[in-house]
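Okay, entry23.tsv is below, TSV, C-alpha atoms:
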```tsv
chain	number	residue	atom	x	y	z
M	177	MET	CA	41.98	150.79	132.92
M	178	GLU	CA	40.18	148.15	135.01
M	179	GLN	CA	42.03	149.31	138.13
M	180	LEU	CA	40.96	152.87	137.41
M	181	ILE	CA	37.30	151.83	137.02
M	182	GLN	CA	37.48	149.84	140.26
M	183	LYS	CA	39.01	152.86	142.01
M	184	ILE	CA	36.18	155.07	140.72
M	185	GLN	CA	33.53	152.60	141.90
M	186	GLU	CA	35.22	152.32	145.27
M	187	LEU	CA	35.29	156.10	145.71
M	188	ARG	CA	31.68	156.39	144.56
M	189	SER	CA	30.58	153.78	147.10
M	190	LYS	CA	32.28	155.86	149.80
M	191	GLY	CA	30.06	158.81	148.86
M	192	TYR	CA	32.41	160.97	146.82
M	193	LEU	CA	30.90	163.23	144.17
M	194	TRP	CA	31.93	162.81	140.54
M	195	ASN	CA	34.06	165.98	140.43
M	196	GLU	CA	35.79	164.97	143.68
M	197	ILE	CA	36.59	161.58	142.16
M	198	SER	CA	38.10	163.25	139.10
M	199	GLU	CA	40.19	165.56	141.26
M	200	GLN	CA	41.42	162.70	143.43
M	201	LEU	CA	42.40	160.62	140.40
M	202	ILE	CA	44.31	163.57	138.94
M	203	ASN	CA	46.04	164.15	142.29
M	204	GLU	CA	47.08	160.48	142.35
M	205	GLY	CA	48.86	160.87	139.02
M	206	THR	CA	46.29	159.96	136.41
M	207	GLU	CA	46.26	162.21	133.36
M	208	SER	CA	43.34	164.62	133.42
M	209	ASP	CA	41.98	163.51	130.03
M	210	VAL	CA	42.05	159.84	131.01
M	211	ALA	CA	40.50	160.56	134.41
M	212	GLU	CA	37.64	162.62	132.97
M	213	GLN	CA	37.00	160.13	130.19
M	214	THR	CA	36.94	157.16	132.56
M	215	VAL	CA	34.67	158.93	135.06
M	216	ASN	CA	32.26	159.81	132.25
M	217	GLN	CA	32.36	156.22	131.01
M	218	VAL	CA	31.47	154.91	134.50
M	219	ARG	CA	28.71	157.53	134.86
M	220	LEU	CA	27.17	156.50	131.55
M	221	ALA	CA	27.33	152.81	132.47
M	222	ILE	CA	25.57	153.47	135.77
M	223	ARG	CA	22.97	155.64	134.03
M	224	LYS	CA	22.31	152.94	131.43
M	225	ARG	CA	21.96	150.25	134.11
M	226	ASN	CA	19.51	152.38	136.09
M	227	THR	CA	17.50	153.20	132.97
M	228	ASN	CA	17.24	149.52	132.05
M	229	ARG	CA	16.20	148.60	135.59
M	230	GLY	CA	13.67	151.44	135.65
M	231	MET	CA	12.11	150.45	132.33
M	232	THR	CA	11.79	146.86	133.52
M	233	LEU	CA	10.03	147.97	136.71
M	234	LEU	CA	7.83	150.35	134.76
M	235	PHE	CA	6.65	147.59	132.41
M	236	ILE	CA	6.09	145.15	135.29
M	237	GLY	CA	4.00	147.74	137.12
M	238	ALA	CA	1.97	148.52	134.01
M	239	PHE	CA	1.38	144.81	133.42
M	240	ILE	CA	0.16	144.31	137.00
M	241	CYS	CA	-2.24	147.24	136.63
M	242	LEU	CA	-3.51	145.85	133.33
M	243	ALA	CA	-3.89	142.35	134.79
M	244	ALA	CA	-5.88	143.68	137.75
M	245	MET	CA	-8.14	145.66	135.44
M	246	MET	CA	-8.67	142.72	133.08
M	247	TYR	CA	-9.36	140.32	135.95
M	248	THR	CA	-11.97	142.67	137.35
M	249	PHE	CA	-13.50	143.23	133.92
M	250	LEU	CA	-13.65	139.55	132.94
M	251	VAL	CA	-14.37	137.79	136.25
M	252	GLY	CA	-16.55	140.34	137.96
M	253	HIS	CA	-16.37	143.28	140.28
M	254	ASN	CA	-13.74	142.31	142.82
M	255	VAL	CA	-12.65	145.39	144.77
M	256	PRO	CA	-9.59	143.93	146.55
M	257	VAL	CA	-8.10	142.67	143.30
M	258	LEU	CA	-8.83	145.90	141.44
M	259	TYR	CA	-7.55	148.32	144.07
M	260	GLY	CA	-4.86	146.08	145.50
M	261	GLY	CA	-3.45	145.16	142.09
M	262	THR	CA	-3.57	148.77	140.97
M	263	LEU	CA	-1.83	149.92	144.15
M	264	VAL	CA	0.95	147.36	143.75
M	265	GLY	CA	1.30	148.08	140.03
M	266	ILE	CA	1.48	151.83	140.48
M	267	SER	CA	3.99	151.45	143.33
M	268	ILE	CA	6.28	149.31	141.17
M	269	ALA	CA	5.86	151.65	138.19
M	270	PHE	CA	6.70	154.64	140.41
M	271	ALA	CA	9.86	152.89	141.61
M	272	GLY	CA	10.78	152.40	137.95
M	273	LEU	CA	10.28	156.09	137.27
M	274	VAL	CA	12.53	156.93	140.20
M	275	TYR	CA	15.29	154.80	138.66
M	276	ILE	CA	14.79	156.40	135.25
M	277	MET	CA	14.77	159.97	136.55
M	278	GLY	CA	17.84	159.32	138.66
```
As structure tokens, the full file:
Amino acid sequence: MEQLIQKIQELRSKGYLWNEISEQLINEGTESDVAEQTVNQVRLAIRKRNTNRGMTLLFIGAFICLAAMMYTFLVGHNVPVLYGGTLVGISIAFAGLVYIMG
């Protein structure tokens, strides 16, 4: 099973699509049920990893935006901190959304 997962990851890193990977595994002698199940398992693991990474980035970006707003509110009107912090926070949050959306 580990060899099959490594083979799937290797083919994916070469740019193969998921259905092409399934077809190639079946052509190499893997049973179709096992090939489809393993490919789906790898797809779900990758999706879960990307969702976790995206949520982390989203929360970091939101925190930076909140920190910039609170700093400006509590310390005084400081345009570079407000706009710069918001720009950085929104950029990081957007990157997180890209990971979540896939």
Distance in Å - atom CA of Ala244 of chain M versus atom CA of Gly261 of chain M =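 Answer for the atom CA of Ala244 of chain M to atom CA of Gly261 of chain M separation: 5.2 Å.
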Please tell me which residues are no farther than 12 Å from (31.2, 163.4, 140.9) in the file, counting all atoms listed in the file, and write them as an NGL selection string.
-> :M and (184-185 or 187-201 or 211-212 or 214-216 or 218-219)
Could you write those residues out with C-alpha atoms, as a PDB file, keeping the file's coordinate frame?
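Here's the written file selection_2.pdb:
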```pdb
ATOM      1  CA  ILE M 184      36.180 155.070 140.720  1.00  0.00           C
ATOM      2  CA  GLN M 185      33.530 152.600 141.900  1.00  0.00           C
ATOM      3  CA  LEU M 187      35.290 156.100 145.710  1.00  0.00           C
ATOM      4  CA  ARG M 188      31.680 156.390 144.560  1.00  0.00           C
ATOM      5  CA  SER M 189      30.580 153.780 147.100  1.00  0.00           C
ATOM      6  CA  LYS M 190      32.280 155.860 149.800  1.00  0.00           C
ATOM      7  CA  GLY M 191      30.060 158.810 148.860  1.00  0.00           C
ATOM      8  CA  TYR M 192      32.410 160.970 146.820  1.00  0.00           C
ATOM      9  CA  LEU M 193      30.900 163.230 144.170  1.00  0.00           C
ATOM     10  CA  TRP M 194      31.930 162.810 140.540  1.00  0.00           C
ATOM     11  CA  ASN M 195      34.060 165.980 140.430  1.00  0.00           C
ATOM     12  CA  GLU M 196      35.790 164.970 143.680  1.00  0.00           C
ATOM     13  CA  ILE M 197      36.590 161.580 142.160  1.00  0.00           C
ATOM     14  CA  SER M 198      38.100 163.250 139.100  1.00  0.00           C
ATOM     15  CA  GLU M 199      40.190 165.560 141.260  1.00  0.00           C
ATOM     16  CA  GLN M 200      41.420 162.700 143.430  1.00  0.00           C
ATOM     17  CA  LEU M 201      42.400 160.620 140.400  1.00  0.00           C
ATOM     18  CA  ALA M 211      40.500 160.560 134.410  1.00  0.00           C
ATOM     19  CA  GLU M 212      37.640 162.620 132.970  1.00  0.00           C
ATOM     20  CA  THR M 214      36.940 157.160 132.560  1.00  0.00           C
ATOM     21  CA  VAL M 215      34.670 158.930 135.060  1.00  0.00           C
ATOM     22  CA  ASN M 216      32.260 159.810 132.250  1.00  0.00           C
ATOM     23  CA  VAL M 218      31.470 154.910 134.500  1.00  0.00           C
ATOM     24  CA  ARG M 219      28.710 157.530 134.860  1.00  0.00           C
TER      25      ARG M 219
END
```
Shortest contact to Met246 of chain M, candidates M:Ser267, M:Gln182, M:Thr262, M:Thr227, atoms counted all atoms listed in the file, goes to M:Thr262
Shell around Ile236 of chain M at 9 Å using all atoms listed in the file, local window under 4 positions removed, as a list in words = Met231, Thr232, Ile240, Cys241, Gly265, Ile268 and Ala269 of chain M
List the neighbours of Lys224 of chain M out to 12 Å using all atoms listed in the file; skip same-chain residues closer than 6 positions along the sequence, and give me the result as an MDAnalysis selection string.
-> chainID M and resid 217:218 230:231 275:278
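Between atom CA of Tyr247 of chain M and atom CA of Arg229 of chain M lies a distance of 26.9 Å.
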Between atom CA of Leu273 of chain M and atom CA of Thr248 of chain M, what is the spacing in Å?
-> 26.0 Å
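Compared by their closest atoms to Ala271 of chain M, and using only C-alpha atoms, the residues M:Glu207, M:Asn226, M:Leu233, M:Glu186 rank with M:Leu233 nearest.
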Have a look at M:Leu220, M:Val274, M:Ile266, M:Ile181 and name the one nearest to Phe235 of chain M; count only C-alpha atoms.
-> M:Ile266
With distances taken over all atoms listed in the file, which of M:Leu234, M:Ala221, M:Leu250, M:Met177 is nearest to Gly272 of chain M?
->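 Checking each candidate against Gly272 of chain M, we get M:Leu234 as the closest.
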Which residue of M:Leu242, M:Val257, M:Asn228, M:Leu180 approaches Gln213 of chain M most closely, using only C-alpha atoms =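 Counting only C-alpha atoms, the residue closest to Gln213 of chain M is M:Leu180.
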